[in-house]
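Peer 1: Next up, structure13.cif (mmCIF, C-alpha atoms).
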data_structure
#
loop_
_atom_site.label_atom_id
_atom_site.label_comp_id
_atom_site.auth_asym_id
_atom_site.auth_seq_id
_atom_site.Cartn_x
_atom_site.Cartn_y
_atom_site.Cartn_z
CA MET Q 14 118.56 93.82 137.74
CA GLY Q 15 117.08 93.65 134.27
CA GLY Q 16 116.62 97.45 134.17
CA ILE Q 17 120.24 98.10 135.15
CA LYS Q 18 121.53 95.57 132.65
CA ASN Q 19 119.80 97.30 129.70
CA ARG Q 20 120.46 100.90 130.82
CA GLU Q 21 123.10 101.70 128.19
CA GLU Q 22 121.00 100.19 125.42
CA LYS Q 23 118.01 102.32 126.45
CA LYS Q 24 120.19 105.45 126.41
CA LYS Q 25 121.21 104.74 122.84
CA LEU Q 26 117.61 104.20 121.73
CA ASN Q 27 116.59 107.52 123.32
CA HIS Q 28 119.59 109.41 121.86
CA VAL Q 29 120.99 110.07 125.35
CA VAL Q 30 124.71 110.76 125.57
CA SER Q 31 127.16 111.49 128.35
CA SER Q 32 128.40 115.06 128.55
CA GLY Q 33 131.68 114.03 130.14
CA GLY Q 34 131.23 116.60 132.97
CA GLY Q 35 130.63 116.15 136.69
CA GLY Q 36 132.86 114.81 139.41
CA GLY Q 37 132.25 111.08 138.95
CA MET Q 38 133.45 108.65 136.35
CA LYS Q 39 130.49 109.54 134.13
CA GLY Q 40 128.98 112.95 133.49
CA PRO Q 41 125.25 113.68 133.70
CA ALA Q 42 123.13 112.28 130.90
CA THR Q 43 121.90 114.91 128.42
CA VAL Q 44 119.69 114.70 125.37
CA ASP Q 45 121.59 115.07 122.09
CA LYS Q 46 120.12 118.30 120.64
CA ARG Q 47 121.68 117.78 117.23
CA LEU Q 48 118.78 115.56 116.20
CA GLY Q 49 116.35 118.39 115.37
CA ALA Q 50 114.59 119.13 112.10
CA GLU Q 51 116.73 120.35 109.22
CA MET Q 52 116.64 124.10 108.56
CA PRO Q 53 117.83 125.10 105.08
CA CYS Q 54 119.32 128.55 104.65
CA PRO Q 55 116.99 130.58 102.37
CA TYR Q 56 119.98 132.36 100.80
CA CYS Q 57 122.44 129.52 100.04
CA ASP Q 58 122.79 125.72 100.05
CA ARG Q 59 123.71 125.32 103.73
CA VAL Q 60 121.45 123.20 105.94
CA PHE Q 61 121.43 123.36 109.75
CA LYS Q 62 120.02 121.24 112.57
CA GLN Q 63 120.82 123.60 115.43
CA PRO Q 64 118.81 126.86 115.64
CA ASN Q 65 121.69 128.85 117.12
CA ARG Q 66 124.03 127.82 114.30
CA TYR Q 67 121.33 128.73 111.78
CA LYS Q 68 120.86 132.19 113.32
CA GLU Q 69 124.63 132.83 113.50
CA HIS Q 70 125.03 131.87 109.84
CA ILE Q 71 122.25 134.23 108.71
CA ALA Q 72 123.65 137.10 110.81
CA LYS Q 73 127.25 136.67 109.60
CA LYS Q 74 126.81 135.66 105.97
CA HIS Q 75 123.50 137.18 104.84
CA ALA Q 76 123.01 140.41 106.76
CA GLU Q 77 122.72 142.38 103.50
CA ASP Q 78 120.16 139.93 102.09
CA VAL Q 79 118.05 140.21 105.24
CA ALA Q 80 118.21 144.02 105.12
CA ALA Q 81 117.19 144.02 101.45
CA ALA Q 82 114.28 141.72 102.24
CA GLU Q 83 112.98 143.87 105.08
CA GLY Q 84 112.93 147.20 103.24
CA GLY Q 85 113.55 148.99 99.96
CA GLY Q 86 116.16 151.69 99.43
CA ALA Q 87 117.64 154.08 101.94
CA ASP Q 88 114.44 156.16 102.05
CA GLY Q 89 112.28 153.10 102.63
CA ALA Q 90 110.70 153.32 99.17
CA ALA Q 91 110.29 150.22 97.07
CA ASP Q 92 112.81 149.63 94.29
CA THR Q 93 111.09 150.25 90.96
CA SER Q 94 114.12 149.66 88.71
CA GLY Q 95 114.47 146.79 86.26
CA ILE Q 96 116.08 144.62 88.91
CA ALA Q 97 113.78 141.79 89.96
CA SER Q 98 112.02 142.46 93.23
CA GLU Q 99 113.48 140.39 96.04
CA ALA Q 100 111.16 141.32 98.86
CA ALA Q 101 110.81 138.66 101.49
CA ALA Q 102 108.33 135.99 100.51
CA PRO Q 103 105.79 134.75 103.05
CA ALA Q 104 106.60 131.69 105.11
CA ALA Q 105 106.47 128.60 102.96
CA GLU Q 106 103.49 126.35 103.00
CA LYS Q 107 104.31 122.67 102.96
CA GLY Q 108 105.34 121.65 99.48
CA GLY Q 109 105.96 125.20 98.22
CA MET Q 110 108.68 126.55 95.92
CA MET Q 111 111.61 128.41 97.47
CA GLU Q 112 111.99 131.92 96.09
CA VAL Q 113 114.84 134.38 96.52
CA ASN Q 114 114.70 135.61 100.14
CA SER Q 115 112.04 133.11 101.16
CA LYS Q 116 111.80 132.55 104.87
CA ALA Q 117 112.93 129.28 106.41
CA GLY Q 118 110.45 126.47 105.92
CA PHE Q 119 109.80 123.23 104.07
CA TYR Q 120 110.13 123.44 100.29
CA THR Q 121 109.90 120.77 97.64
CA SER Q 122 111.77 122.76 94.96
CA LYS Q 123 113.61 125.99 94.16
CA SER Q 124 112.35 128.56 91.67
CA PRO Q 125 114.42 129.27 88.53
CA GLN Q 126 115.25 132.72 89.93
CA MET Q 127 116.50 131.11 93.14
CA ILE Q 128 118.70 128.65 91.24
CA LEU Q 129 120.10 131.45 89.07
CA HIS Q 130 120.69 133.60 92.17
CA GLU Q 131 122.71 130.76 93.73
CA TRP Q 132 124.66 130.22 90.49
CA CYS Q 133 125.68 133.89 90.44
CA ARG Q 134 126.74 133.70 94.07
CA ARG Q 135 128.94 130.65 93.38
CA GLN Q 136 130.48 132.43 90.37
CA ASN Q 137 131.13 135.53 92.51
CA ARG Q 138 128.85 137.61 90.29
CA PRO Q 139 126.41 140.33 91.39
CA LYS Q 140 122.72 139.54 91.54
CA PRO Q 141 120.89 139.05 88.20
CA ARG Q 142 118.93 141.99 86.81
CA TYR Q 143 115.56 141.48 85.13
CA LYS Q 144 113.71 143.76 82.71
CA THR Q 145 110.29 142.70 81.48
CA LEU Q 146 109.18 143.79 78.02
CA PRO Q 147 105.51 143.76 76.88
CA THR Q 148 104.65 142.08 73.59
CA GLU Q 149 102.02 143.18 71.08
CA ASP Q 150 99.56 140.57 72.29
CA GLY Q 151 99.72 141.71 75.93
CA ARG Q 152 102.17 139.11 77.20
CA PHE Q 153 105.68 139.68 78.59
CA ARG Q 154 109.19 138.84 77.45
CA CYS Q 155 112.18 139.25 79.73
CA ARG Q 156 115.77 140.43 79.43
CA VAL Q 157 118.15 139.00 82.03
CA VAL Q 158 121.55 140.55 82.69
CA LEU Q 159 124.19 138.56 84.59
CA PRO Q 160 126.70 141.26 85.49
CA ASP Q 161 130.45 140.83 85.63
CA LYS Q 162 131.52 142.83 88.67
CA ASN Q 163 134.80 143.95 87.05
CA HIS Q 164 134.08 144.25 83.32
CA THR Q 165 130.71 145.40 82.00
CA ASP Q 166 131.68 144.25 78.52
CA ARG Q 167 131.65 140.69 79.88
CA ASP Q 168 128.06 140.84 81.13
CA GLU Q 169 125.91 137.93 79.99
CA ILE Q 170 122.67 139.23 78.44
CA VAL Q 171 119.91 136.73 77.76
CA PHE Q 172 116.50 137.36 76.16
CA LEU Q 173 113.38 135.30 76.68
CA GLU Q 174 112.07 135.15 73.14
CA ALA Q 175 108.51 136.20 72.28
CA GLU Q 176 107.48 132.61 71.54
CA HIS Q 177 108.04 131.83 75.22
CA ALA Q 178 106.42 135.01 76.56
CA ALA Q 179 104.49 134.74 79.82
CA GLY Q 180 101.12 136.08 80.86
CA ASP Q 181 102.39 138.32 83.67
CA ASP Q 182 105.47 140.20 84.80
CA SER Q 183 106.64 137.85 87.58
CA SER Q 184 106.19 134.71 85.46
CA ALA Q 185 108.21 136.31 82.67
CA GLN Q 186 111.09 136.79 85.12
CA GLN Q 187 110.97 133.12 86.11
CA TRP Q 188 110.98 132.02 82.45
CA GLY Q 189 113.77 134.50 81.78
CA ALA Q 190 115.79 132.88 84.56
CA VAL Q 191 115.28 129.51 82.85
CA ALA Q 192 116.62 130.95 79.58
CA ALA Q 193 119.64 132.38 81.43
CA LEU Q 194 120.34 129.03 83.12
CA ALA Q 195 120.15 127.31 79.74
CA ARG Q 196 122.84 129.71 78.53
CA VAL Q 197 125.32 129.62 81.42
CA ALA Q 198 124.58 126.37 83.26
CA ARG Q 199 123.46 123.96 80.56
CA ASP Q 200 126.13 121.46 81.68
CA LEU Q 201 124.39 121.10 85.07
CA PRO Q 202 121.64 118.47 85.52
CA LEU Q 203 118.97 121.09 86.12
CA GLU Q 204 116.30 118.90 84.52
CA ARG Q 205 116.28 117.12 87.89
CA VAL Q 206 116.37 120.31 89.98
CA LEU Q 207 114.00 122.74 88.29
CA PRO Q 208 110.27 122.49 89.05
CA PRO Q 209 108.61 120.21 86.44
CA GLU Q 210 106.83 123.01 84.55
CA PHE Q 211 110.17 124.68 83.69
CA ARG Q 212 112.12 121.59 82.59
CA PRO Q 213 110.94 121.34 78.96
CA LEU Q 214 111.94 124.94 78.19
CA PHE Q 215 115.34 124.47 79.83
CA SER Q 216 116.00 121.31 77.79
CA SER Q 217 114.80 122.95 74.56
CA ILE Q 218 116.87 126.13 74.92
CA SER Q 219 119.92 124.16 76.12
CA ALA Q 220 119.75 121.96 73.02
CA GLU Q 221 119.46 125.06 70.80
CA ASN Q 222 122.47 126.67 72.49
CA ILE Q 223 124.56 123.51 72.15
CA ALA Q 224 123.67 123.19 68.46
CA ARG Q 225 124.50 126.87 67.90
CA ALA Q 226 127.87 126.45 69.64
CA ASP Q 227 128.64 123.34 67.56
CA ARG Q 228 127.87 125.21 64.34
CA ALA Q 229 130.12 128.09 65.39
CA THR Q 230 132.94 125.67 66.20
CA ALA Q 231 132.58 123.89 62.87
CA LYS Q 232 132.53 127.18 61.00
CA ALA Q 233 135.67 128.39 62.79
CA ALA Q 234 137.46 125.10 62.03
CA ALA Q 235 136.51 125.31 58.35
CA GLU Q 236 137.74 128.89 58.18
CA GLU Q 237 141.03 127.91 59.80
CA ALA Q 238 141.48 125.04 57.37
CA ARG Q 239 140.78 127.34 54.42
CA ARG Q 240 143.45 129.79 55.55
CA GLU Q 241 146.05 127.03 55.89
CA ARG Q 242 145.68 125.88 52.27
#
Kindly present the structure from the file in structure tokens form.
Peer 2:
Amino acid sequence: MGGIKNREEKKKLNHVVSSGGGGGMKGPATVDKRLGAEMPCPYCDRVFKQPNRYKEHIAKKHAEDVAAAEGGGADGAADTSGIASEAAAPAAEKGGMMEVNSKAGFYTSKSPQMILHEWCRRQNRPKPRYKTLPTEDGRFRCRVVLPDKNHTDRDEIVFLEAEHAAGDDSSAQQWGAVAALARVARDLPLERVLPPEFRPLFSSISAENIARADRATAKAAAEEARRER
């Protein structure tokens, strides 16, 4: 009797629900499959718990991203232009950093390029373009272009200054993405989102940009007041 009395409570503890089917008053008991591990989409902010929903989302929303990750141009050759390479990254090790086109896995943070990629997507802008520039001492600066899909004269162009130059090409692109984020997304709390090593530069450049904007505003106000005299 004791087992029958506690049957419903045991079902709840084991995440067992009634499907509502069958010919009796109660349908057959089935395990609730929604309680799986979370699967973040590597291309956007969506998170899924059901594998079939995850696969459908990738197929419908990111078919072009998957195709770009699996091969280069139409002839299969790698893209050697100034656009940052977005080849598929290897599966993430536990605690890794999510890159653009990373495969599904467990990540503790997103790279600056990934965050900038997502910002452009939300703003309905094309993907960022990166051009690395060598310095005299053998390091690399970076120019980042955030295209406007309708008006090229409205492109945002950001330079990673020589004082922040990196030791290699790929690192320069990450630091360039930080500089671009400090320009266009300085109102977002990215100090809590960026990996720790990139936060000081973001805060520094953001503060410089804010001060520069304040000076420009003050100068414009003074000029307007002078004309009204």
Peer 1: Just give me the gap between CA of Asn222 in chain Q and CA of Ala234 in chain Q in Å, one decimal is fine.
Peer 2: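 Pair CA of Asn222 in chain Q / CA of Ala234 in chain Q returns 18.3 Å.
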Peer 1: Any chance you could work out the residue set of the PyMOL selection byres ((chain Q and resi 144-148) around 8) here, as a list in words?
Peer 2: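 Going through the file, the PyMOL selection byres ((chain Q and resi 144-148) around 8) ends up selecting Gly95, Ile96, Ala97, Arg142, Tyr143, Glu149, Asp150, Gly151, Arg152, Phe153, Arg154, Cys155, Arg156, Val157, Ala175, Ala178, Asp182, Ala185 and Gln186 of chain Q.
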Peer 1: Find the spatial neighbours of Glu204 in chain Q, counting all atoms listed in the file, within a cut-off of 10 Å - ignore same-chain residues fewer than 6 positions away - and output them as a list of chain:residue names.
Peer 2: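 The residues that qualify are Q:Phe211, Q:Arg212, Q:Pro213, Q:Leu214, Q:Phe215, Q:Ser216.
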Peer 1: Would you pick out the contacts of Val206 in chain Q at 10 Å or less, using all atoms listed in the file, so that residues sharing its chain but fewer than 3 positions from it are not included, and give the list as a ChimeraX atom specification?
Peer 2: /Q:122-125,128,201-203,209,211-212
Peer 1: Go ahead and dump the residues you just picked, C-alpha atoms, as a compact mmCIF listing (two decimals), in the frame of the given file.
Peer 2:
# COMPACT_ATOMS: atom_id res chain seq x y z
CA SER Q 122 111.77 122.76 94.96
CA LYS Q 123 113.61 125.99 94.16
CA SER Q 124 112.35 128.56 91.67
CA PRO Q 125 114.42 129.27 88.53
CA ILE Q 128 118.70 128.65 91.24
CA LEU Q 201 124.39 121.10 85.07
CA PRO Q 202 121.64 118.47 85.52
CA LEU Q 203 118.97 121.09 86.12
CA PRO Q 209 108.61 120.21 86.44
CA PHE Q 211 110.17 124.68 83.69
CA ARG Q 212 112.12 121.59 82.59
Peer 1: To one decimal place, how far is CA of Met111 in chain Q from CA of Glu131 in chain Q in Å?
Peer 2: 11.9 Å
Peer 1: Evaluate the PyMOL selection byres ((chain Q and resi 158) around 12) and record the selected residues as a PyMOL selection string, following the chain and residue labels used in the document.
Peer 2: chain Q and resi 95-97+129-130+133+138-145+155-157+159-162+165-173+186+189-190+192-194+196-197
Peer 1: Will you model N, CA, C and O atoms for range 110-130 of chain Q and pass it back as a PDB file, keeping the file's coordinate frame?
Peer 2:
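Below is the file result15.pdb, written as the result:
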ATOM      1  N   MET Q 110     107.463 126.331  96.703  1.00  0.00           N
ATOM      2  CA  MET Q 110     108.680 126.550  95.920  1.00  0.00           C
ATOM      3  C   MET Q 110     109.489 127.663  96.560  1.00  0.00           C
ATOM      4  O   MET Q 110     108.972 128.732  96.836  1.00  0.00           O
ATOM      5  N   MET Q 111     110.761 127.415  96.831  1.00  0.00           N
ATOM      6  CA  MET Q 111     111.610 128.410  97.470  1.00  0.00           C
ATOM      7  C   MET Q 111     111.965 129.510  96.488  1.00  0.00           C
ATOM      8  O   MET Q 111     112.497 129.261  95.414  1.00  0.00           O
ATOM      9  N   GLU Q 112     111.657 130.756  96.884  1.00  0.00           N
ATOM     10  CA  GLU Q 112     111.990 131.920  96.090  1.00  0.00           C
ATOM     11  C   GLU Q 112     113.205 132.616  96.696  1.00  0.00           C
ATOM     12  O   GLU Q 112     113.637 132.286  97.801  1.00  0.00           O
ATOM     13  N   VAL Q 113     113.752 133.582  95.972  1.00  0.00           N
ATOM     14  CA  VAL Q 113     114.840 134.380  96.520  1.00  0.00           C
ATOM     15  C   VAL Q 113     114.324 135.111  97.760  1.00  0.00           C
ATOM     16  O   VAL Q 113     113.288 135.759  97.730  1.00  0.00           O
ATOM     17  N   ASN Q 114     115.058 134.982  98.853  1.00  0.00           N
ATOM     18  CA  ASN Q 114     114.700 135.610 100.140  1.00  0.00           C
ATOM     19  C   ASN Q 114     113.465 135.009 100.786  1.00  0.00           C
ATOM     20  O   ASN Q 114     112.827 135.659 101.610  1.00  0.00           O
ATOM     21  N   SER Q 115     113.111 133.777 100.428  1.00  0.00           N
ATOM     22  CA  SER Q 115     112.040 133.110 101.160  1.00  0.00           C
ATOM     23  C   SER Q 115     112.473 132.876 102.601  1.00  0.00           C
ATOM     24  O   SER Q 115     113.657 132.726 102.895  1.00  0.00           O
ATOM     25  N   LYS Q 116     111.507 132.859 103.485  1.00  0.00           N
ATOM     26  CA  LYS Q 116     111.800 132.550 104.870  1.00  0.00           C
ATOM     27  C   LYS Q 116     112.050 131.057 105.030  1.00  0.00           C
ATOM     28  O   LYS Q 116     111.713 130.265 104.167  1.00  0.00           O
ATOM     29  N   ALA Q 117     112.651 130.690 106.154  1.00  0.00           N
ATOM     30  CA  ALA Q 117     112.930 129.280 106.410  1.00  0.00           C
ATOM     31  C   ALA Q 117     111.628 128.493 106.464  1.00  0.00           C
ATOM     32  O   ALA Q 117     110.615 128.974 106.961  1.00  0.00           O
ATOM     33  N   GLY Q 118     111.640 127.306 105.944  1.00  0.00           N
ATOM     34  CA  GLY Q 118     110.450 126.470 105.920  1.00  0.00           C
ATOM     35  C   GLY Q 118     110.713 125.219 105.118  1.00  0.00           C
ATOM     36  O   GLY Q 118     111.850 124.920 104.746  1.00  0.00           O
ATOM     37  N   PHE Q 119     109.672 124.458 104.846  1.00  0.00           N
ATOM     38  CA  PHE Q 119     109.800 123.230 104.070  1.00  0.00           C
ATOM     39  C   PHE Q 119     109.437 123.517 102.619  1.00  0.00           C
ATOM     40  O   PHE Q 119     108.366 124.038 102.332  1.00  0.00           O
ATOM     41  N   TYR Q 120     110.347 123.202 101.709  1.00  0.00           N
ATOM     42  CA  TYR Q 120     110.130 123.440 100.290  1.00  0.00           C
ATOM     43  C   TYR Q 120     110.420 122.163  99.510  1.00  0.00           C
ATOM     44  O   TYR Q 120     111.335 121.414  99.849  1.00  0.00           O
ATOM     45  N   THR Q 121     109.657 121.936  98.479  1.00  0.00           N
ATOM     46  CA  THR Q 121     109.900 120.770  97.640  1.00  0.00           C
ATOM     47  C   THR Q 121     110.775 121.089  96.438  1.00  0.00           C
ATOM     48  O   THR Q 121     111.287 120.188  95.780  1.00  0.00           O
ATOM     49  N   SER Q 122     110.963 122.378  96.124  1.00  0.00           N
ATOM     50  CA  SER Q 122     111.770 122.760  94.960  1.00  0.00           C
ATOM     51  C   SER Q 122     112.230 124.199  95.112  1.00  0.00           C
ATOM     52  O   SER Q 122     111.777 124.921  96.006  1.00  0.00           O
ATOM     53  N   LYS Q 123     113.142 124.610  94.227  1.00  0.00           N
ATOM     54  CA  LYS Q 123     113.610 125.990  94.160  1.00  0.00           C
ATOM     55  C   LYS Q 123     113.140 126.603  92.853  1.00  0.00           C
ATOM     56  O   LYS Q 123     113.124 125.933  91.816  1.00  0.00           O
ATOM     57  N   SER Q 124     112.789 127.874  92.889  1.00  0.00           N
ATOM     58  CA  SER Q 124     112.350 128.560  91.670  1.00  0.00           C
ATOM     59  C   SER Q 124     113.545 128.776  90.750  1.00  0.00           C
ATOM     60  O   SER Q 124     114.707 128.777  91.188  1.00  0.00           O
ATOM     61  N   PRO Q 125     113.315 128.959  89.442  1.00  0.00           N
ATOM     62  CA  PRO Q 125     114.420 129.270  88.530  1.00  0.00           C
ATOM     63  C   PRO Q 125     115.223 130.485  88.970  1.00  0.00           C
ATOM     64  O   PRO Q 125     116.448 130.503  88.869  1.00  0.00           O
ATOM     65  N   GLN Q 126     114.535 131.531  89.458  1.00  0.00           N
ATOM     66  CA  GLN Q 126     115.250 132.720  89.930  1.00  0.00           C
ATOM     67  C   GLN Q 126     116.148 132.398  91.115  1.00  0.00           C
ATOM     68  O   GLN Q 126     117.252 132.932  91.239  1.00  0.00           O
ATOM     69  N   MET Q 127     115.690 131.509  91.997  1.00  0.00           N
ATOM     70  CA  MET Q 127     116.500 131.110  93.140  1.00  0.00           C
ATOM     71  C   MET Q 127     117.741 130.353  92.691  1.00  0.00           C
ATOM     72  O   MET Q 127     118.853 130.585  93.177  1.00  0.00           O
ATOM     73  N   ILE Q 128     117.570 129.433  91.738  1.00  0.00           N
ATOM     74  CA  ILE Q 128     118.700 128.650  91.240  1.00  0.00           C
ATOM     75  C   ILE Q 128     119.705 129.555  90.539  1.00  0.00           C
ATOM     76  O   ILE Q 128     120.926 129.403  90.707  1.00  0.00           O
ATOM     77  N   LEU Q 129     119.209 130.515  89.752  1.00  0.00           N
ATOM     78  CA  LEU Q 129     120.100 131.450  89.070  1.00  0.00           C
ATOM     79  C   LEU Q 129     120.814 132.349  90.076  1.00  0.00           C
ATOM     80  O   LEU Q 129     122.009 132.650  89.925  1.00  0.00           O
ATOM     81  N   HIS Q 130     120.101 132.783  91.101  1.00  0.00           N
ATOM     82  CA  HIS Q 130     120.690 133.600  92.170  1.00  0.00           C
ATOM     83  C   HIS Q 130     121.851 132.845  92.820  1.00  0.00           C
ATOM     84  O   HIS Q 130     122.928 133.415  93.058  1.00  0.00           O
TER      85      HIS Q 130
END
